[in-house]
Structures are given as structure tokens and as C-alpha cells.
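Take a look at the structure set out below.
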Amino acid sequence: MIDLATSLRRWGRLGLGLFTLALVTTGCDAFIDQDQSDSAPSSPTIAGYVQEVPALSALEGAVAEADLVETLDTGGPFTVFAPTNDAFSPAIDPSLNRQVTGEVIQHHVVDGVSEEDTLRTLANNENTLSPQARENLSFQIVDEDDQGADTLKVNRAIVANPDAGAENGVVHVVDRLLADAVDRATLTPRFTIFARLVKEAGLANALRDPGADEGRTIFAPTNEALLEEFDDNGSGEIEVAEIPSGAADVLQYHVLDSVFLAADVPTSETPVPTLEGSDVTVVRSGDDVTVNPNGEGASVTTPNVEVDNGVIHGIDTVLTP
């Protein structure tokens with residue numbers, strides 16, 4: 001078995017410099033660059049900024065669903081890390097769980113004003129910031145050939161457009177949704193059954209944890225795959241009686257204690273240990289990734305859903321240890 005921990009976390013970074021360049025030519029800077037020649041220019045509130053920038057419309061909807069518009073309009077001062085619309089792919093449904101939606105949004109909000117220079121100082125000193133919900137936010141300055149020198153990151157997200165001034169704080173536009181694997185699955189329609197089973201099996205903390213190797217890779221069966229496997233009576237739901245006694249082991253068999261994205265999967269069959277204790281085998285052919293090709297033959301249908309503690313790959317078949 002080869003060691004995937006180092007070589008398999010580098011994919012997905014090519015072109016992020018181009019992303020930043022594209023972003024500053026779209027809605028964000030278009031709003032920032034509006035005519036400020038009035039005799040009494042004013043900055044929008046954070047809520048106003050989110051509402052006015054087209055590239056942040058998905059965030060706007062989530063803020064409204066979480067009933068946080070007034071807070072971001074009248075409260076503060078705040079530092080807000082604002083994910084672009086592309087960061088919400090695959091799309092979440094904030095109405096699935098308004099409490100979790102609120103906590104995810106608050107995970108992007110820090111009390112007080114921390115501009116880019118402050119964030120870079122935090123990164124250089126390996127310090128963190130405490131958001132209003134969930135775990136602390138960490139910062140890094142990346143200096144790699146494929147990512148551009150001095151790229152600032154918060155958790156796994158690139159700060160693509162920093163220091164947008166607001167009346168009640170500052171907004172930093174980022175290219176990833178800041179959410180752990182459990183929260184992301186809870187709000188993503190195709191993964192809701194997986195999220196429910198994880199919670200009912202008492203595994204939520206394990207799937208939120210970064211693990212021993214800087215994150216998890218989670219092969220999350222889609223709702224359709226889980227219904228095919230466990231919905232014996234065809235009700236369209238997995239009832240308590242249909243959940244197997246070894247569900248915790250089955251779920252942990254879908255979780256790896258290392259991070260890799262689809263393009264990093266080797267083109268030869270490679271065993272990788274799972275949290276359950278036994279190995280899954282992964283292999284890539286072109287852009288197609290298969291898990292356990294000689295067993296279930298699960299295909300990765302939704303690759304590279306990056307989360308705070310790693311990555312989720314949606315698969316079309318339940319894996320069995």
C-alpha cells in the first residue's frame with residue numbers, strides 16, 4: 001500500500017489564481033467600485049453587501065433562512081467570511097435544518113474587525129479566531145507554485161477578495177463554504193439520509209474530527225443508494241427496524257483518516273485503511289473513481305465536496321466491510 005496522506009491532498013488547487021482573477025471582475029468588485037463621489041458617501045452594512053453582490057446570492061438565501069439578516073444589518077462590528085455561489089456546489093437547502101443553517105452561517109462570522117493584515121499575522125503565528133459557532137478558524141499563507149505566492153487561506157478556503165469594507169465590519173470573500181462534514185451532509189439534499197444515520201449511530205463527532213492526518217475523506221452514499229440497500233418495505237424511508245445492527249461499522253467503513261481528492265486517486269488499485277479497521281480499494285480511470293472495484297464497484301458521482309475537516313465524495317452504492 002502506498003502512503004496517500006501526503007501525495008493525495010494536493011489536487012484541486014490548480015487554477016485557483018485564475019478563480020481569484022475572475023472573481024474580482026464580477027459582482028463583488030462591481031459593487032465595491034460603484035461611484036463614491038457623493039458628498040456623503042456611505043458603506044453598506046454587511047447584510048446590504050451580501051444582498052447587493054450577485055456572486056453572494058446563495059449566501060444571501062442562507063442568511064435569510066437562518067433569520068440572521070437583521071443581526072448582520074444592525075449588529076457588529078463583525079468579520080464575515082462570505083462564500084461565493086460556486087462554494088455552495090452541490091447546492092444546500094437551508095430549510096432542511098434551520099438550526100444547523102444558522103450555526104453554519106455563524107461559523108463564518110467573527111466578532112470584531114480583522115482585516116487581511118491581521119489574518120496574515122494570525123497565520124504567521126499559527127493563531128486562530130473564534131467564530132460565533134463551531135470550531136475555531138485557522139489561517140495559512142500558502143506559497144506553492146500551483147497556488148501562487150502568499151495566498152491567504154481560512155481553513156481550506158482561499159480568501160479570494162479580502163477587506164470589503166462595510167458599515168458594521170469587514171467582508172472577506174472566500175471560495176469554499178466553511179462547514180464540517182456532518183453539517184454539510186445535513187444541508188445537502190442528496191446526503192441527508194447519510195447524515196441522519198451518522199447522527200443516530202453516535203458518529204457525528206468522529207466525522208467532524210480532523211483525525212490524525214489533517215482530515216477525513218468520506219465516501220457518502222447518496223439517499224438513493226441507501227434506500228436501495230436498506231429500505232426493505234419500499235416506503236421511501238429507512239425506518240428504525242431497517243437499520244442493521246452493525247450500522248456503525250458500515251458507516252465507518254466509508255471514512256478514511258486521510259484527505260484526497262478525485263484526481264489524486266492512483267490509476268492502479270490501491271488499498272486504503274478506513275475508520276472501521278479494514279481497507280477499501282480505490283482506483284481511477286481518467287476522471288472516473290471507483291471504490292472496491294472487485295466488490296461493490298461504487299462509482300464516485302459527486303466528487304470533491306471540500307469541508308473544513310476534509311472532503312466528501314458522493315457514491316452510488318453502499319460499501320460493506
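Residues are referred to by chain and number: the chain letter is A, B, ... according to the order shown in the C-alpha cells, the number counts from 1 in that chain, and ligands are numbered separately from 1 in the order shown.
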
Exercise for review: Considering only C-alpha atoms, return as a VMD selection string whatever protein or nucleic-acid residues lie within 6 Å of Val159 of chain A, sequence-local ones (same chain, fewer than 6 positions apart) excluded.
Suggested key: chain A and resid 152 to 153 173 to 174

Selection from above, C-alpha atoms, as a PDB file, in the first residue's frame, can you write it?
```
ATOM      1  CA  LEU A 152      -4.190  33.522   2.353  1.00  0.00           C
ATOM      2  CA  LYS A 153      -6.466  30.685   3.408  1.00  0.00           C
ATOM      3  CA  VAL A 173     -14.947  36.714   0.050  1.00  0.00           C
ATOM      4  CA  VAL A 174     -13.868  33.053   0.093  1.00  0.00           C
TER       5      VAL A 174
END
```

Check your understanding: Looking only at the backbone, which of the residues in segment 80-149 of chain A does DSSP tag as strand (DSSP E or B), as a ChimeraX atom specification?
Key -> /A:80-83,109-111,128-129,137-144,148-149

**Study point:** Separation of atom CA of Gly310 of chain A from atom CA of Ile141 of chain A in Å
**Key:**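 Atom CA of Ile141 of chain A sits 18.4 Å away from atom CA of Gly310 of chain A.
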
Practice item. Give me the residues within 12 Å of Asp67 of chain A as a list in words, counting only C-alpha atoms and dropping any in the same chain fewer than 2 places off. Key: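 The neighbour list is Ala47, Glu60, Gly61, Ala62, Val63, Ala64, Glu65, Val69, Glu70, Thr71, Leu72, Asp73, Pro94, Ser95, Arg98, Gln99, Thr101, Gly102, Glu103, Ile105 and Gln106 of chain A.
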
Exercise for review: Enumerate, as a VMD selection string, the complete set of residues in segment 214-259 of chain A that a backbone-based DSSP assignment places in helix (DSSP H, G or I).
Suggested key: chain A and resid 223 to 230 240 to 242 247 to 252

Could you write out that same residue set with C-alpha atoms as a tab-separated table (two decimals), in the first residue's frame?
```
chain	number	residue	atom	x	y	z
A	223	ASN	CA	-30.03	8.91	-0.49
A	224	GLU	CA	-30.93	6.68	-3.45
A	225	ALA	CA	-28.08	4.27	-2.68
A	226	LEU	CA	-29.03	3.99	0.98
A	227	LEU	CA	-32.71	3.44	0.18
A	228	GLU	CA	-31.75	0.73	-2.31
A	229	GLU	CA	-29.71	-1.00	0.38
A	230	PHE	CA	-31.90	-0.64	3.47
A	240	VAL	CA	-35.51	2.18	12.64
A	241	ALA	CA	-36.23	-1.53	12.20
A	242	GLU	CA	-34.48	-1.48	8.82
A	247	ALA	CA	-24.64	0.21	11.05
A	248	ALA	CA	-21.83	2.00	12.90
A	249	ASP	CA	-19.24	-0.32	11.37
A	250	VAL	CA	-20.76	0.07	7.92
A	251	LEU	CA	-20.67	3.86	8.19
A	252	GLN	CA	-17.10	3.95	9.49
```

Point to revise | Length of the atom CA of Leu261 of chain A to atom CA of Val283 of chain A vector [Å] | key: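 Rounded to one decimal, the two atoms are 12.0 Å apart.
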
Exercise for review: Work out how far apart atom CA of Ala166 of chain A and atom CA of Asn136 of chain A are and give it in Å to one decimal.
Suggested key: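 Atom CA of Ala166 of chain A sits 23.2 Å away from atom CA of Asn136 of chain A.
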
Point to revise | Distance query Glu115 of chain A at most 10 Å, only C-alpha atoms, self and fewer than 4 positions along chain excluded, as a ChimeraX atom specification | key: /A:79,119-120,162-165,169-172

Quick one: residues within 8 Å of segment 195-209 of chain A, only C-alpha atoms, excluding same-chain residues fewer than 6 positions away - as a compact mmCIF listing (two decimals) with C-alpha atoms, in the first residue's frame?
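The result, stored in result_3.txt:
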```txt
# COMPACT_ATOMS: atom_id res chain seq x y z
CA ASP A 180 -17.67 20.37 8.70
CA ALA A 181 -18.65 17.10 7.02
CA VAL A 182 -21.71 16.45 9.19
CA ALA A 185 -24.22 16.48 4.62
CA THR A 186 -27.15 17.60 6.79
CA GLY A 215 -8.68 15.48 7.78
CA ARG A 216 -11.09 12.83 6.61
CA ALA A 247 -24.64 0.21 11.05
CA ALA A 248 -21.83 2.00 12.90
CA LEU A 251 -20.67 3.86 8.19
CA VAL A 255 -14.47 7.08 6.22
CA ASN A 309 -12.20 18.67 8.04
```

Point to revise | Selection: 7 Å around Leu187 of chain A, only C-alpha atoms, excl. self and same-chain fewer than 2 positions, as a list in words | key: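 Contacts, in chain order: Ile92, Asp93, Pro94, Leu96, Asn97, Asp183, Arg184, Ala185, Pro189 and Thr192 of chain A.
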
Kindly export the residues of the current selection with all heavy atoms, as a PDB file, in the first residue's frame.
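Resulting contents of out.pdb:
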```
ATOM      1  N   ILE A  92     -26.877  23.489  -1.236  1.00  0.00           N
ATOM      2  CA  ILE A  92     -27.511  23.118   0.017  1.00  0.00           C
ATOM      3  C   ILE A  92     -28.964  23.588  -0.012  1.00  0.00           C
ATOM      4  O   ILE A  92     -29.343  24.412  -0.833  1.00  0.00           O
ATOM      5  CB  ILE A  92     -26.787  23.711   1.240  1.00  0.00           C
ATOM      6  CG1 ILE A  92     -26.950  25.242   1.289  1.00  0.00           C
ATOM      7  CG2 ILE A  92     -25.318  23.316   1.255  1.00  0.00           C
ATOM      8  CD1 ILE A  92     -26.501  25.860   2.604  1.00  0.00           C
ATOM      9  N   ASP A  93     -29.755  23.048   0.900  1.00  0.00           N
ATOM     10  CA  ASP A  93     -31.126  23.512   1.107  1.00  0.00           C
ATOM     11  C   ASP A  93     -31.212  23.992   2.547  1.00  0.00           C
ATOM     12  O   ASP A  93     -31.351  23.187   3.468  1.00  0.00           O
ATOM     13  CB  ASP A  93     -32.129  22.388   0.859  1.00  0.00           C
ATOM     14  CG  ASP A  93     -33.578  22.841   1.037  1.00  0.00           C
ATOM     15  OD1 ASP A  93     -33.789  23.972   1.521  1.00  0.00           O
ATOM     16  OD2 ASP A  93     -34.488  22.057   0.707  1.00  0.00           O
ATOM     17  N   PRO A  94     -31.094  25.300   2.778  1.00  0.00           N
ATOM     18  CA  PRO A  94     -31.069  25.812   4.152  1.00  0.00           C
ATOM     19  C   PRO A  94     -32.310  25.462   4.960  1.00  0.00           C
ATOM     20  O   PRO A  94     -32.266  25.421   6.180  1.00  0.00           O
ATOM     21  CB  PRO A  94     -30.940  27.325   3.961  1.00  0.00           C
ATOM     22  CG  PRO A  94     -30.363  27.504   2.601  1.00  0.00           C
ATOM     23  CD  PRO A  94     -30.929  26.390   1.794  1.00  0.00           C
ATOM     24  N   LEU A  96     -33.742  22.626   5.186  1.00  0.00           N
ATOM     25  CA  LEU A  96     -33.713  21.259   5.715  1.00  0.00           C
ATOM     26  C   LEU A  96     -33.500  21.241   7.223  1.00  0.00           C
ATOM     27  O   LEU A  96     -34.028  20.368   7.923  1.00  0.00           O
ATOM     28  CB  LEU A  96     -32.600  20.453   5.028  1.00  0.00           C
ATOM     29  CG  LEU A  96     -32.848  20.064   3.572  1.00  0.00           C
ATOM     30  CD1 LEU A  96     -31.579  19.469   2.969  1.00  0.00           C
ATOM     31  CD2 LEU A  96     -34.010  19.073   3.471  1.00  0.00           C
ATOM     32  N   ASN A  97     -32.709  22.171   7.712  1.00  0.00           N
ATOM     33  CA  ASN A  97     -32.447  22.243   9.152  1.00  0.00           C
ATOM     34  C   ASN A  97     -32.003  23.668   9.462  1.00  0.00           C
ATOM     35  O   ASN A  97     -30.835  24.019   9.302  1.00  0.00           O
ATOM     36  CB  ASN A  97     -31.375  21.239   9.572  1.00  0.00           C
ATOM     37  CG  ASN A  97     -31.258  21.085  11.072  1.00  0.00           C
ATOM     38  OD1 ASN A  97     -31.243  22.071  11.800  1.00  0.00           O
ATOM     39  ND2 ASN A  97     -31.158  19.853  11.542  1.00  0.00           N
ATOM     40  N   ASP A 183     -22.302  18.818   9.091  1.00  0.00           N
ATOM     41  CA  ASP A 183     -23.185  19.935   8.755  1.00  0.00           C
ATOM     42  C   ASP A 183     -23.418  20.010   7.249  1.00  0.00           C
ATOM     43  O   ASP A 183     -24.545  20.252   6.789  1.00  0.00           O
ATOM     44  CB  ASP A 183     -22.592  21.252   9.256  1.00  0.00           C
ATOM     45  CG  ASP A 183     -22.699  21.413  10.766  1.00  0.00           C
ATOM     46  OD1 ASP A 183     -23.445  20.631  11.393  1.00  0.00           O
ATOM     47  OD2 ASP A 183     -22.032  22.312  11.316  1.00  0.00           O
ATOM     48  N   ARG A 184     -22.363  19.802   6.464  1.00  0.00           N
ATOM     49  CA  ARG A 184     -22.508  19.855   5.005  1.00  0.00           C
ATOM     50  C   ARG A 184     -23.472  18.782   4.517  1.00  0.00           C
ATOM     51  O   ARG A 184     -24.359  19.036   3.691  1.00  0.00           O
ATOM     52  CB  ARG A 184     -21.137  19.682   4.344  1.00  0.00           C
ATOM     53  CG  ARG A 184     -21.126  19.932   2.811  1.00  0.00           C
ATOM     54  CD  ARG A 184     -21.629  21.329   2.503  1.00  0.00           C
ATOM     55  NE  ARG A 184     -21.237  21.837   1.198  1.00  0.00           N
ATOM     56  CZ  ARG A 184     -21.977  21.758   0.092  1.00  0.00           C
ATOM     57  NH1 ARG A 184     -23.145  21.146   0.126  1.00  0.00           N
ATOM     58  NH2 ARG A 184     -21.568  22.310  -1.031  1.00  0.00           N
ATOM     59  N   ALA A 185     -23.321  17.565   5.027  1.00  0.00           N
ATOM     60  CA  ALA A 185     -24.216  16.484   4.621  1.00  0.00           C
ATOM     61  C   ALA A 185     -25.649  16.742   5.070  1.00  0.00           C
ATOM     62  O   ALA A 185     -26.607  16.456   4.336  1.00  0.00           O
ATOM     63  CB  ALA A 185     -23.710  15.153   5.178  1.00  0.00           C
ATOM     64  N   PRO A 189     -29.200  18.036   0.010  1.00  0.00           N
ATOM     65  CA  PRO A 189     -30.329  17.127  -0.180  1.00  0.00           C
ATOM     66  C   PRO A 189     -29.950  15.691  -0.518  1.00  0.00           C
ATOM     67  O   PRO A 189     -30.597  14.757  -0.044  1.00  0.00           O
ATOM     68  CB  PRO A 189     -31.108  17.786  -1.324  1.00  0.00           C
ATOM     69  CG  PRO A 189     -30.843  19.244  -1.144  1.00  0.00           C
ATOM     70  CD  PRO A 189     -29.405  19.325  -0.679  1.00  0.00           C
ATOM     71  N   THR A 192     -28.801  13.615   2.920  1.00  0.00           N
ATOM     72  CA  THR A 192     -29.498  13.785   4.195  1.00  0.00           C
ATOM     73  C   THR A 192     -29.671  12.474   4.956  1.00  0.00           C
ATOM     74  O   THR A 192     -29.592  12.447   6.188  1.00  0.00           O
ATOM     75  CB  THR A 192     -30.871  14.435   3.976  1.00  0.00           C
ATOM     76  OG1 THR A 192     -31.603  13.692   2.988  1.00  0.00           O
ATOM     77  CG2 THR A 192     -30.721  15.871   3.529  1.00  0.00           C
TER      78      THR A 192
END
```

Extract, using only C-alpha atoms, all DNA, RNA and protein residues at most 7 Å from His254 of chain A, discarding same-chain residues fewer than 6 positions from it, and format them as a PDB file with all heavy atoms, in the first residue's frame.
```
ATOM      1  N   ILE A 218     -14.536  11.136   3.116  1.00  0.00           N
ATOM      2  CA  ILE A 218     -15.782  10.432   3.405  1.00  0.00           C
ATOM      3  C   ILE A 218     -16.454  10.065   2.091  1.00  0.00           C
ATOM      4  O   ILE A 218     -16.757  10.934   1.265  1.00  0.00           O
ATOM      5  CB  ILE A 218     -16.719  11.317   4.260  1.00  0.00           C
ATOM      6  CG1 ILE A 218     -16.049  11.643   5.590  1.00  0.00           C
ATOM      7  CG2 ILE A 218     -18.067  10.622   4.475  1.00  0.00           C
ATOM      8  CD1 ILE A 218     -16.781  12.683   6.413  1.00  0.00           C
ATOM      9  N   PHE A 219     -16.666   8.774   1.890  1.00  0.00           N
ATOM     10  CA  PHE A 219     -17.453   8.305   0.759  1.00  0.00           C
ATOM     11  C   PHE A 219     -18.904   8.215   1.236  1.00  0.00           C
ATOM     12  O   PHE A 219     -19.276   7.278   1.946  1.00  0.00           O
ATOM     13  CB  PHE A 219     -16.946   6.945   0.273  1.00  0.00           C
ATOM     14  CG  PHE A 219     -15.571   6.994  -0.319  1.00  0.00           C
ATOM     15  CD1 PHE A 219     -14.494   6.417   0.336  1.00  0.00           C
ATOM     16  CD2 PHE A 219     -15.339   7.626  -1.529  1.00  0.00           C
ATOM     17  CE1 PHE A 219     -13.220   6.465  -0.203  1.00  0.00           C
ATOM     18  CE2 PHE A 219     -14.067   7.678  -2.081  1.00  0.00           C
ATOM     19  CZ  PHE A 219     -13.000   7.101  -1.416  1.00  0.00           C
ATOM     20  N   ALA A 220     -19.705   9.201   0.863  1.00  0.00           N
ATOM     21  CA  ALA A 220     -21.073   9.296   1.362  1.00  0.00           C
ATOM     22  C   ALA A 220     -22.040   8.713   0.339  1.00  0.00           C
ATOM     23  O   ALA A 220     -22.215   9.287  -0.745  1.00  0.00           O
ATOM     24  CB  ALA A 220     -21.434  10.745   1.652  1.00  0.00           C
ATOM     25  N   THR A 274      -9.684   2.259   6.592  1.00  0.00           N
ATOM     26  CA  THR A 274     -10.864   3.019   6.993  1.00  0.00           C
ATOM     27  C   THR A 274     -10.943   3.092   8.511  1.00  0.00           C
ATOM     28  O   THR A 274     -10.222   2.388   9.227  1.00  0.00           O
ATOM     29  CB  THR A 274     -12.149   2.362   6.471  1.00  0.00           C
ATOM     30  OG1 THR A 274     -12.359   1.123   7.185  1.00  0.00           O
ATOM     31  CG2 THR A 274     -12.049   2.078   4.981  1.00  0.00           C
ATOM     32  N   LEU A 319     -21.078   0.685   0.696  1.00  0.00           N
ATOM     33  CA  LEU A 319     -19.937  -0.212   0.872  1.00  0.00           C
ATOM     34  C   LEU A 319     -20.172  -1.096   2.109  1.00  0.00           C
ATOM     35  O   LEU A 319     -20.681  -0.622   3.115  1.00  0.00           O
ATOM     36  CB  LEU A 319     -18.643   0.586   1.043  1.00  0.00           C
ATOM     37  CG  LEU A 319     -18.359   1.647  -0.034  1.00  0.00           C
ATOM     38  CD1 LEU A 319     -17.130   2.457   0.352  1.00  0.00           C
ATOM     39  CD2 LEU A 319     -18.167   0.993  -1.403  1.00  0.00           C
TER      40      LEU A 319
END
```
